[in-house]
file coords.tsv (TSV, C-alpha atoms)
chain	number	residue	atom	x	y	z
A	1	MET	CA	49.85	-1.17	-18.21
A	2	SER	CA	48.39	-1.37	-21.73
A	3	GLY	CA	51.47	0.24	-23.32
A	4	ALA	CA	53.93	-2.56	-22.53
A	5	SER	CA	54.00	-6.16	-23.70
A	6	ARG	CA	53.86	-8.92	-21.13
A	7	GLU	CA	57.56	-9.65	-21.79
A	8	GLN	CA	58.62	-6.01	-21.31
A	9	ARG	CA	56.57	-5.93	-18.12
A	10	SER	CA	58.14	-9.02	-16.62
A	11	GLU	CA	61.66	-7.82	-17.53
A	12	ALA	CA	60.97	-4.45	-15.89
A	13	GLU	CA	59.44	-6.13	-12.85
A	14	ALA	CA	62.43	-8.43	-12.42
A	15	ALA	CA	64.74	-5.38	-12.58
A	16	ILE	CA	62.56	-3.57	-10.00
A	17	MET	CA	62.70	-6.62	-7.73
A	18	ARG	CA	66.50	-6.68	-7.89
A	19	ALA	CA	66.56	-2.94	-7.16
A	20	THR	CA	64.13	-3.37	-4.23
A	21	TYR	CA	66.25	-6.21	-2.89
A	22	ARG	CA	69.43	-4.09	-3.03
A	23	ALA	CA	67.71	-1.04	-1.53
A	24	LEU	CA	66.20	-3.11	1.28
A	25	CYS	CA	69.56	-4.70	2.13
A	26	GLU	CA	71.26	-1.30	2.08
A	27	HIS	CA	68.71	0.79	3.99
A	28	GLY	CA	66.72	-1.73	6.03
A	29	TYR	CA	62.92	-1.76	6.08
A	30	ALA	CA	62.44	1.28	8.32
A	31	GLU	CA	64.47	3.55	6.00
A	32	LEU	CA	63.33	2.03	2.72
A	33	THR	CA	61.82	4.66	0.41
A	34	MET	CA	60.50	4.60	-3.15
A	35	ARG	CA	63.27	7.11	-3.93
A	36	ALA	CA	65.96	4.70	-2.73
A	37	ILE	CA	64.45	1.90	-4.83
A	38	ALA	CA	64.17	4.18	-7.86
A	39	SER	CA	67.79	5.18	-7.40
A	40	GLU	CA	68.86	1.50	-7.45
A	41	TYR	CA	66.58	0.93	-10.46
A	42	GLY	CA	68.11	3.89	-12.30
A	43	LYS	CA	64.69	5.31	-13.23
A	44	THR	CA	62.07	7.58	-11.68
A	45	THR	CA	59.67	6.60	-8.92
A	46	ALA	CA	56.89	6.99	-11.51
A	47	ALA	CA	58.48	4.16	-13.52
A	48	ILE	CA	58.09	1.96	-10.43
A	49	HIS	CA	54.56	3.12	-9.62
A	50	TYR	CA	53.59	2.05	-13.17
A	51	HIS	CA	54.15	-1.55	-11.96
A	52	TYR	CA	53.59	-1.33	-8.19
A	53	GLU	CA	51.19	1.14	-6.63
A	54	THR	CA	52.53	1.20	-3.07
A	55	LYS	CA	55.67	0.32	-1.14
A	56	ASP	CA	53.60	-2.44	0.40
A	57	ASP	CA	52.85	-3.95	-3.03
A	58	LEU	CA	56.59	-3.86	-3.73
A	59	LEU	CA	57.45	-5.63	-0.48
A	60	VAL	CA	54.85	-8.34	-1.04
A	61	ALA	CA	56.20	-8.86	-4.58
A	62	LEU	CA	59.74	-8.96	-3.18
A	63	LEU	CA	58.80	-11.71	-0.72
A	64	GLU	CA	57.39	-13.73	-3.64
A	65	TYR	CA	60.57	-13.04	-5.61
A	66	LEU	CA	62.75	-14.24	-2.71
A	67	LEU	CA	60.68	-17.43	-2.43
A	68	ASP	CA	61.05	-18.05	-6.19
A	69	ARG	CA	64.80	-17.50	-5.91
A	70	PHE	CA	64.95	-19.96	-3.02
A	71	VAL	CA	62.93	-22.58	-4.93
A	72	GLU	CA	65.24	-22.19	-7.94
A	73	ARG	CA	68.29	-22.83	-5.76
A	74	VAL	CA	66.67	-25.88	-4.24
A	75	HIS	CA	65.63	-27.24	-7.65
A	76	GLY	CA	69.27	-26.98	-8.69
A	77	VAL	CA	70.02	-29.89	-6.33
A	78	GLU	CA	70.51	-32.92	-8.60
A	79	THR	CA	69.88	-35.80	-6.22
A	80	THR	CA	66.47	-37.32	-5.47
A	81	ALA	CA	67.67	-39.22	-2.35
A	82	PRO	CA	65.51	-37.95	0.54
A	83	ALA	CA	68.32	-37.59	3.10
A	84	ALA	CA	70.52	-35.66	0.64
A	85	ARG	CA	67.61	-33.46	-0.46
A	86	LEU	CA	66.77	-32.67	3.16
A	87	ASP	CA	70.44	-31.81	3.75
A	88	ALA	CA	70.44	-29.47	0.77
A	89	LEU	CA	67.20	-27.78	1.91
A	90	LEU	CA	68.61	-27.20	5.39
A	91	ASP	CA	71.88	-25.90	3.94
A	92	THR	CA	69.98	-23.40	1.82
A	93	LEU	CA	67.72	-22.37	4.72
A	94	LEU	CA	70.43	-22.15	7.38
A	95	VAL	CA	73.93	-21.89	5.94
A	96	GLU	CA	73.56	-19.70	2.85
A	97	VAL	CA	71.94	-16.99	5.01
A	98	ALA	CA	75.32	-16.49	6.69
A	99	SER	CA	76.56	-14.53	3.67
A	100	GLU	CA	73.33	-12.50	3.42
A	101	ARG	CA	73.24	-10.72	6.75
A	102	GLU	CA	71.49	-7.58	5.42
A	103	LEU	CA	68.73	-9.74	3.97
A	104	ALA	CA	68.32	-11.56	7.30
A	105	VAL	CA	68.00	-8.20	9.09
A	106	ALA	CA	65.47	-6.90	6.55
A	107	LEU	CA	63.38	-10.11	6.72
A	108	LEU	CA	63.26	-9.87	10.51
A	109	GLU	CA	62.03	-6.28	10.16
A	110	LEU	CA	59.30	-7.50	7.81
A	111	ARG	CA	58.35	-10.18	10.36
A	112	ALA	CA	58.06	-7.48	13.04
A	113	VAL	CA	55.89	-5.37	10.71
A	114	ALA	CA	53.63	-8.32	9.82
A	115	PRO	CA	51.15	-7.86	12.74
A	116	TYR	CA	50.46	-4.33	11.44
A	117	ASP	CA	50.51	-5.05	7.67
A	118	GLU	CA	48.13	-7.65	6.27
A	119	GLY	CA	49.74	-7.82	2.82
A	120	VAL	CA	53.22	-8.51	4.21
A	121	ARG	CA	51.83	-10.96	6.77
A	122	ASP	CA	49.84	-12.96	4.23
A	123	GLN	CA	52.86	-13.28	1.94
A	124	LEU	CA	55.14	-14.26	4.84
A	125	VAL	CA	52.60	-16.93	5.82
A	126	ARG	CA	52.50	-18.19	2.20
A	127	ASN	CA	56.31	-18.36	2.10
A	128	ASP	CA	56.37	-20.23	5.40
A	129	GLU	CA	53.71	-22.66	4.17
A	130	TYR	CA	55.67	-23.32	1.00
A	131	LEU	CA	58.92	-23.97	2.88
A	132	ARG	CA	57.14	-26.36	5.23
A	133	TYR	CA	55.57	-28.06	2.21
A	134	LEU	CA	59.04	-28.61	0.69
A	135	LEU	CA	60.36	-30.06	3.96
A	136	ARG	CA	57.27	-32.22	4.49
A	137	THR	CA	57.44	-33.63	0.95
A	138	VAL	CA	61.04	-34.76	1.45
A	139	VAL	CA	60.14	-36.35	4.80
A	140	VAL	CA	57.10	-38.14	3.30
A	141	ASP	CA	59.32	-39.44	0.49
A	142	GLY	CA	61.93	-40.59	3.03
A	143	VAL	CA	59.31	-42.45	5.08
A	144	GLU	CA	57.92	-44.14	1.93
A	145	ARG	CA	61.40	-45.25	0.89
A	146	GLY	CA	62.21	-46.53	4.39
A	147	VAL	CA	65.03	-44.01	4.92
A	148	PHE	CA	63.07	-42.29	7.70
A	149	ASP	CA	61.19	-44.06	10.47
A	150	GLU	CA	57.58	-45.03	9.62
A	151	GLY	CA	56.38	-43.51	12.91
A	152	VAL	CA	57.52	-40.01	11.87
A	153	ASP	CA	54.81	-37.34	11.46
A	154	PRO	CA	56.06	-35.37	8.41
A	155	GLU	CA	53.97	-32.27	9.26
A	156	SER	CA	55.37	-32.08	12.76
A	157	ALA	CA	58.94	-32.78	11.57
A	158	ALA	CA	58.68	-29.97	8.98
A	159	GLU	CA	57.41	-27.55	11.63
A	160	THR	CA	60.17	-28.45	14.11
A	161	LEU	CA	62.80	-27.88	11.43
A	162	MET	CA	61.24	-24.52	10.44
A	163	THR	CA	61.18	-23.54	14.14
A	164	LEU	CA	64.93	-24.20	14.31
A	165	VAL	CA	65.43	-22.25	11.06
A	166	ASP	CA	63.40	-19.24	12.25
A	167	GLY	CA	65.08	-19.31	15.65
A	168	ALA	CA	68.56	-19.48	14.14
A	169	ARG	CA	67.86	-16.61	11.73
A	170	THR	CA	66.45	-14.46	14.54
A	171	ARG	CA	69.49	-15.26	16.70
A	172	PHE	CA	71.86	-14.58	13.80
A	173	VAL	CA	70.46	-11.05	13.52
A	174	LEU	CA	70.91	-10.46	17.27
A	175	HIS	CA	74.37	-11.95	17.68
A	176	ASP	CA	75.72	-10.99	14.23
A	177	ASP	CA	77.72	-14.23	14.21
A	178	PRO	CA	77.45	-16.83	11.41
A	179	ALA	CA	78.52	-19.51	13.95
A	180	VAL	CA	74.93	-19.28	15.31
A	181	LEU	CA	73.70	-20.60	11.94
A	182	HIS	CA	76.32	-23.34	11.72
A	183	ARG	CA	75.50	-24.60	15.20
A	184	ALA	CA	71.77	-24.59	14.35
A	185	ARG	CA	72.61	-26.58	11.22
A	186	GLU	CA	74.29	-29.18	13.49
A	187	ALA	CA	71.25	-29.17	15.80
A	188	ALA	CA	69.03	-29.82	12.77
A	189	ASP	CA	71.31	-32.73	11.78
A	190	ARG	CA	71.04	-34.20	15.25
A	191	TYR	CA	67.25	-33.84	15.07
A	192	VAL	CA	67.22	-35.71	11.74
A	193	ALA	CA	69.45	-38.47	13.18
A	194	ASP	CA	67.48	-38.81	16.46
A	195	ALA	CA	63.89	-38.28	15.33
A	196	LEU	CA	63.73	-39.12	11.61
A	197	ASP	CA	66.35	-41.69	10.60
A	198	ALA	CA	64.99	-45.24	10.41
B	1	MET	CA	67.98	12.88	41.36
B	2	SER	CA	69.16	14.33	44.67
B	3	GLY	CA	65.60	15.26	45.76
B	4	ALA	CA	64.32	11.69	46.12
B	5	SER	CA	65.40	8.88	48.43
B	6	ARG	CA	66.62	5.61	46.95
B	7	GLU	CA	63.37	3.97	48.02
B	8	GLN	CA	61.18	6.64	46.40
B	9	ARG	CA	63.29	6.33	43.25
B	10	SER	CA	62.95	2.57	42.99
B	11	GLU	CA	59.19	2.75	43.63
B	12	ALA	CA	58.80	5.39	40.93
B	13	GLU	CA	60.99	3.39	38.54
B	14	ALA	CA	58.96	0.21	39.11
B	15	ALA	CA	55.77	2.17	38.35
B	16	ILE	CA	57.36	3.63	35.20
B	17	MET	CA	58.39	0.11	34.10
B	18	ARG	CA	54.83	-1.15	34.50
B	19	ALA	CA	53.56	1.87	32.54
B	20	THR	CA	56.17	1.33	29.80
B	21	TYR	CA	55.21	-2.34	29.62
B	22	ARG	CA	51.50	-1.49	29.23
B	23	ALA	CA	52.18	1.26	26.68
B	24	LEU	CA	54.48	-1.01	24.65
B	25	CYS	CA	51.90	-3.81	24.60
B	26	GLU	CA	49.16	-1.40	23.59
B	27	HIS	CA	50.96	0.67	20.94
B	28	GLY	CA	53.81	-1.57	19.75
B	29	TYR	CA	57.38	-0.33	19.50
B	30	ALA	CA	56.95	1.75	16.35
B	31	GLU	CA	54.14	3.84	17.87
B	32	LEU	CA	55.52	3.98	21.40
B	33	THR	CA	55.92	7.59	22.60
B	34	MET	CA	56.97	9.19	25.88
B	35	ARG	CA	53.48	10.73	25.92
B	36	ALA	CA	51.83	7.30	25.78
B	37	ILE	CA	54.06	6.06	28.60
B	38	ALA	CA	53.36	9.18	30.67
B	39	SER	CA	49.64	8.69	30.10
B	40	GLU	CA	49.88	5.10	31.46
B	41	TYR	CA	52.04	6.39	34.33
B	42	GLY	CA	49.49	9.07	35.17
B	43	LYS	CA	52.15	11.80	35.35
B	44	THR	CA	53.94	14.16	32.95
B	45	THR	CA	56.72	13.17	30.56
B	46	ALA	CA	59.03	15.34	32.70
B	47	ALA	CA	58.38	12.99	35.64
B	48	ILE	CA	59.65	10.14	33.45
B	49	HIS	CA	62.65	12.09	32.11
B	50	TYR	CA	63.68	12.65	35.73
B	51	HIS	CA	64.46	8.90	35.85
B	52	TYR	CA	65.14	8.00	32.20
B	53	GLU	CA	66.66	10.46	29.76
B	54	THR	CA	65.59	8.87	26.49
B	55	LYS	CA	63.06	6.38	25.13
B	56	ASP	CA	66.04	4.14	24.50
B	57	ASP	CA	67.03	4.21	28.21
B	58	LEU	CA	63.45	3.26	29.05
B	59	LEU	CA	63.43	0.32	26.65
B	60	VAL	CA	66.76	-0.99	27.94
B	61	ALA	CA	65.44	-0.71	31.51
B	62	LEU	CA	62.24	-2.47	30.44
B	63	LEU	CA	64.20	-5.40	29.00
B	64	GLU	CA	66.04	-5.72	32.35
B	65	TYR	CA	62.70	-5.52	34.15
B	66	LEU	CA	61.22	-8.28	31.97
B	67	LEU	CA	64.26	-10.48	32.65
B	68	ASP	CA	63.88	-9.89	36.42
B	69	ARG	CA	60.20	-10.75	36.20
B	70	PHE	CA	61.06	-13.94	34.32
B	71	VAL	CA	63.72	-14.92	36.88
B	72	GLU	CA	61.23	-14.34	39.72
B	73	ARG	CA	58.71	-16.66	38.07
B	74	VAL	CA	61.36	-19.32	37.59
B	75	HIS	CA	62.58	-19.02	41.19
B	76	GLY	CA	59.01	-19.65	42.28
B	77	VAL	CA	59.43	-23.27	41.11
B	78	GLU	CA	59.83	-25.36	44.29
B	79	THR	CA	61.54	-28.48	42.98
B	80	THR	CA	65.30	-28.91	42.59
B	81	ALA	CA	65.00	-32.03	40.38
B	82	PRO	CA	66.78	-31.15	37.10
B	83	ALA	CA	64.17	-32.64	34.74
B	84	ALA	CA	61.31	-30.86	36.53
B	85	ARG	CA	63.25	-27.58	36.65
B	86	LEU	CA	63.99	-27.82	32.92
B	87	ASP	CA	60.28	-28.49	32.30
B	88	ALA	CA	59.33	-25.42	34.31
B	89	LEU	CA	61.87	-23.23	32.47
B	90	LEU	CA	60.57	-24.39	29.09
B	91	ASP	CA	56.97	-23.83	30.22
B	92	THR	CA	57.79	-20.28	31.24
B	93	LEU	CA	59.74	-19.60	28.02
B	94	LEU	CA	57.27	-21.22	25.63
B	95	VAL	CA	53.81	-21.68	27.10
B	96	GLU	CA	53.25	-18.59	29.24
B	97	VAL	CA	53.99	-16.40	26.21
B	98	ALA	CA	50.74	-17.66	24.67
B	99	SER	CA	48.74	-15.32	26.92
B	100	GLU	CA	51.07	-12.36	26.26
B	101	ARG	CA	50.74	-11.91	22.53
B	102	GLU	CA	51.27	-8.11	22.59
B	103	LEU	CA	54.50	-8.59	24.52
B	104	ALA	CA	55.69	-11.17	22.00
B	105	VAL	CA	54.97	-8.72	19.16
B	106	ALA	CA	56.77	-5.86	20.96
B	107	LEU	CA	59.80	-8.05	21.76
B	108	LEU	CA	60.07	-9.08	18.11
B	109	GLU	CA	60.00	-5.39	17.15
B	110	LEU	CA	62.85	-4.76	19.61
B	111	ARG	CA	64.78	-7.64	18.05
B	112	ALA	CA	64.30	-6.08	14.62
B	113	VAL	CA	65.51	-2.72	15.94
B	114	ALA	CA	68.57	-4.24	17.64
B	115	PRO	CA	70.91	-3.99	14.61
B	116	TYR	CA	70.30	-0.22	14.60
B	117	ASP	CA	70.26	0.41	18.36
B	118	GLU	CA	73.29	-0.60	20.42
B	119	GLY	CA	71.62	-0.13	23.82
B	120	VAL	CA	68.68	-2.38	22.95
B	121	ARG	CA	70.95	-4.93	21.28
B	122	ASP	CA	73.35	-5.15	24.24
B	123	GLN	CA	70.47	-5.68	26.68
B	124	LEU	CA	68.82	-8.30	24.43
B	125	VAL	CA	72.18	-10.11	24.25
B	126	ARG	CA	72.48	-9.96	28.07
B	127	ASN	CA	68.95	-11.35	28.45
B	128	ASP	CA	69.73	-14.14	25.99
B	129	GLU	CA	72.97	-14.96	27.81
B	130	TYR	CA	71.16	-15.14	31.13
B	131	LEU	CA	68.43	-17.42	29.78
B	132	ARG	CA	71.06	-19.73	28.27
B	133	TYR	CA	72.92	-19.67	31.60
B	134	LEU	CA	69.74	-20.81	33.40
B	135	LEU	CA	69.18	-23.63	30.90
B	136	ARG	CA	72.86	-24.66	30.95
B	137	THR	CA	72.95	-24.78	34.77
B	138	VAL	CA	69.98	-27.15	34.89
B	139	VAL	CA	71.57	-29.37	32.23
B	140	VAL	CA	74.94	-29.42	34.06
B	141	ASP	CA	73.11	-30.35	37.26
B	142	GLY	CA	71.21	-33.12	35.47
B	143	VAL	CA	74.41	-34.55	33.98
B	144	GLU	CA	76.08	-34.51	37.42
B	145	ARG	CA	73.12	-36.30	38.99
B	146	GLY	CA	73.01	-38.89	36.21
B	147	VAL	CA	69.55	-37.80	35.00
B	148	PHE	CA	70.98	-36.57	31.69
B	149	ASP	CA	73.52	-38.44	29.59
B	150	GLU	CA	77.15	-37.79	30.48
B	151	GLY	CA	78.00	-37.16	26.80
B	152	VAL	CA	75.68	-34.10	26.66
B	153	ASP	CA	77.30	-30.72	25.99
B	154	PRO	CA	75.28	-28.35	28.25
B	155	GLU	CA	76.25	-25.22	26.29
B	156	SER	CA	75.09	-26.71	23.02
B	157	ALA	CA	71.89	-28.11	24.60
B	158	ALA	CA	71.04	-24.69	26.05
B	159	GLU	CA	71.59	-23.03	22.66
B	160	THR	CA	69.45	-25.59	20.81
B	161	LEU	CA	66.61	-25.06	23.30
B	162	MET	CA	66.90	-21.24	22.99
B	163	THR	CA	66.84	-21.62	19.19
B	164	LEU	CA	63.55	-23.52	19.49
B	165	VAL	CA	62.23	-20.87	21.91
B	166	ASP	CA	63.19	-17.94	19.65
B	167	GLY	CA	61.85	-19.73	16.58
B	168	ALA	CA	58.54	-20.54	18.27
B	169	ARG	CA	58.09	-16.96	19.53
B	170	THR	CA	58.86	-15.56	16.07
B	171	ARG	CA	56.41	-18.00	14.50
B	172	PHE	CA	53.76	-17.21	17.15
B	173	VAL	CA	53.89	-13.55	16.11
B	174	LEU	CA	53.50	-14.45	12.42
B	175	HIS	CA	50.77	-17.07	12.75
B	176	ASP	CA	48.97	-15.51	15.75
B	177	ASP	CA	48.19	-19.02	16.98
B	178	PRO	CA	49.15	-20.28	20.48
B	179	ALA	CA	49.19	-23.85	19.07
B	180	VAL	CA	52.56	-22.90	17.50
B	181	LEU	CA	53.96	-22.50	21.02
B	182	HIS	CA	52.41	-25.71	22.31
B	183	ARG	CA	53.81	-27.73	19.41
B	184	ALA	CA	57.26	-26.17	19.98
B	185	ARG	CA	56.96	-27.14	23.65
B	186	GLU	CA	56.38	-30.76	22.50
B	187	ALA	CA	59.37	-30.52	20.15
B	188	ALA	CA	61.51	-29.32	23.08
B	189	ASP	CA	60.27	-32.29	25.12
B	190	ARG	CA	61.24	-34.69	22.35
B	191	TYR	CA	64.67	-33.03	22.16
B	192	VAL	CA	65.13	-33.54	25.92
B	193	ALA	CA	64.04	-37.20	25.63
B	194	ASP	CA	66.21	-37.94	22.55
B	195	ALA	CA	69.33	-35.89	23.23
B	196	LEU	CA	69.54	-35.32	27.00
B	197	ASP	CA	67.87	-38.13	28.98
B	198	ALA	CA	70.34	-40.73	30.29
call {"tool": "encode", "arguments": {"input": "coords.tsv", "output": "structure tokens"}}
result
Amino acid sequence: MSGASREQRSEAEAAIMRATYRALCEHGYAELTMRAIASEYGKTTAAIHYHYETKDDLLVALLEYLLDRFVERVHGVETTAPAARLDALLDTLLVEVASERELAVALLELRAVAPYDEGVRDQLVRNDEYLRYLLRTVVVDGVERGVFDEGVDPESAAETLMTLVDGARTRFVLHDDPAVLHRAREAADRYVADALDA
Amino acid sequence: MSGASREQRSEAEAAIMRATYRALCEHGYAELTMRAIASEYGKTTAAIHYHYETKDDLLVALLEYLLDRFVERVHGVETTAPAARLDALLDTLLVEVASERELAVALLELRAVAPYDEGVRDQLVRNDEYLRYLLRTVVVDGVERGVFDEGVDPESAAETLMTLVDGARTRFVLHDDPAVLHRAREAADRYVADALDA
């Protein structure tokens, strides 16, 4: 990579990530090829291999890219009030997915591949840990400010919410019905009211 | 199939289901072949094709078989008390999976294939509908007997519990840790205590 500046590299890599994202949504994981990604990128497969050696490297980088994109959306939320921040996190995790069905399908495929692919699995675990960390932090903040009950275990609350999120996304793929996500969002609200609210 | 009696057919089909189950657990969906199933069955692939034309037919039949097996386990529960029956259902859905990791992996692969395979998807939807029906029936019974709160919506309660179940199974595959299932079982208990109990 000695021929390109760091800035050129990161611009190219961002463009490759967007191309990989589009190709993955269009073809699904099973049919995803370097050719399809190169076609979305508008360059040769060699131009991609310059940055990412294998399809696996690309997928791991894509999972990081999707996490970054998620974190950016969440940081766009202006409020610091714990209940409102938790609401916004759950909206981003559960409701915004409704308009990204192809992504939900592709992410479920990556989850199914994870037991056979260490790179994908490790990155999926990192993404999951980061999402739970975001949820936990909001819950801890809410407990400290007296918005959430002092008996709440933030770790366990974050895991329960992520279990609802993962279940709803899995069910959304099966039933192909955004109402599944909206009802899970309501279930998450009821959980917050019953188990967290002070 | 005119050469075999109904009884011979159903015995052969049960043996093929057990062979398909073992082959699926051993190889995973992506590597599952008719050869591997025939090898578990101890006969030729032609002997399987006599009963099931395609791998897809086999997988759909296997999903029915797994549902039947589940229903048999659940019917083994002696009590008719709604709370105890709900406990037993949740144990079967969440805890017993812990010792069947390969099956959990294979079922997640089938879920990921569902958007591309109508036969598998339709059977997965039927299985999901039946599991929700079992949960709903217990909740309806509990509301009628005054064990659960009269304001409970059984349909919505059944869906929330299935969302926790699907989320926990998906997370079990990713984290390869039975503790994920046990913690989800506790979360389901808390949901029953907070949202259902009268």
call {"tool": "atom_distance", "arguments": {"input": "coords.tsv", "atom1": "CA of Asp87 in chain B", "atom2": "CA of His175 in chain B"}}
result
24.6 Å
call {"tool": "interface_residues", "arguments": {"input": "coords.tsv", "of": "chain B", "to": "chain A", "cutoff": "9 Å", "atoms": "all atoms listed in the file", "output": "PyMOL selection string"}}
result
chain B and resi 105-115+121+124-125+156-157+159-160+162-171+173-176+180+183-184+187+190-191+194-195
call {"tool": "axis_aligned_box", "arguments": {"input": "coords.tsv", "around": "range 155-167 of chain A", "padding_each_side": "8 Å", "output": "lines of an AutoDock Vina configuration file"}}
result
center_x = 59.7
center_y = -26.0
center_z = 12.3
size_x = 27.5
size_y = 29.5
size_z = 22.7
call {"tool": "closest_residue", "arguments": {"input": "coords.tsv", "among": "A:His182, A:Leu59, A:Val139, A:Arg35", "to": "Val97 in chain A", "atoms": "all atoms listed in the file"}}
result
A:His182
call {"tool": "closest_residue", "arguments": {"input": "coords.tsv", "among": "B:Leu196, B:Ile37, B:Leu181, B:Glu7", "to": "Ala98 in chain B", "atoms": "all atoms listed in the file"}}
result
B:Leu181
call {"tool": "atom_distance", "arguments": {"input": "coords.tsv", "atom1": "CA of Ala198 in chain A", "atom2": "CA of Gly146 in chain A"}}
result
6.8 Å
call {"tool": "atom_distance", "arguments": {"input": "coords.tsv", "atom1": "CA of Ser5 in chain B", "atom2": "CA of Gly42 in chain B"}}
result
20.7 Å
call {"tool": "residues_around", "arguments": {"input": "coords.tsv", "residues": "range 64-74 of chain B", "least_positions_apart": "4", "cutoff": "7 Å", "atoms": "only C-alpha atoms", "output": "count of residues only"}}
result
3
call {"tool": "closest_residue", "arguments": {"input": "coords.tsv", "among": "B:Arg9, B:Arg126, B:Arg132, B:Arg145", "to": "Ala81 in chain B", "atoms": "all atoms listed in the file"}}
result
B:Arg145
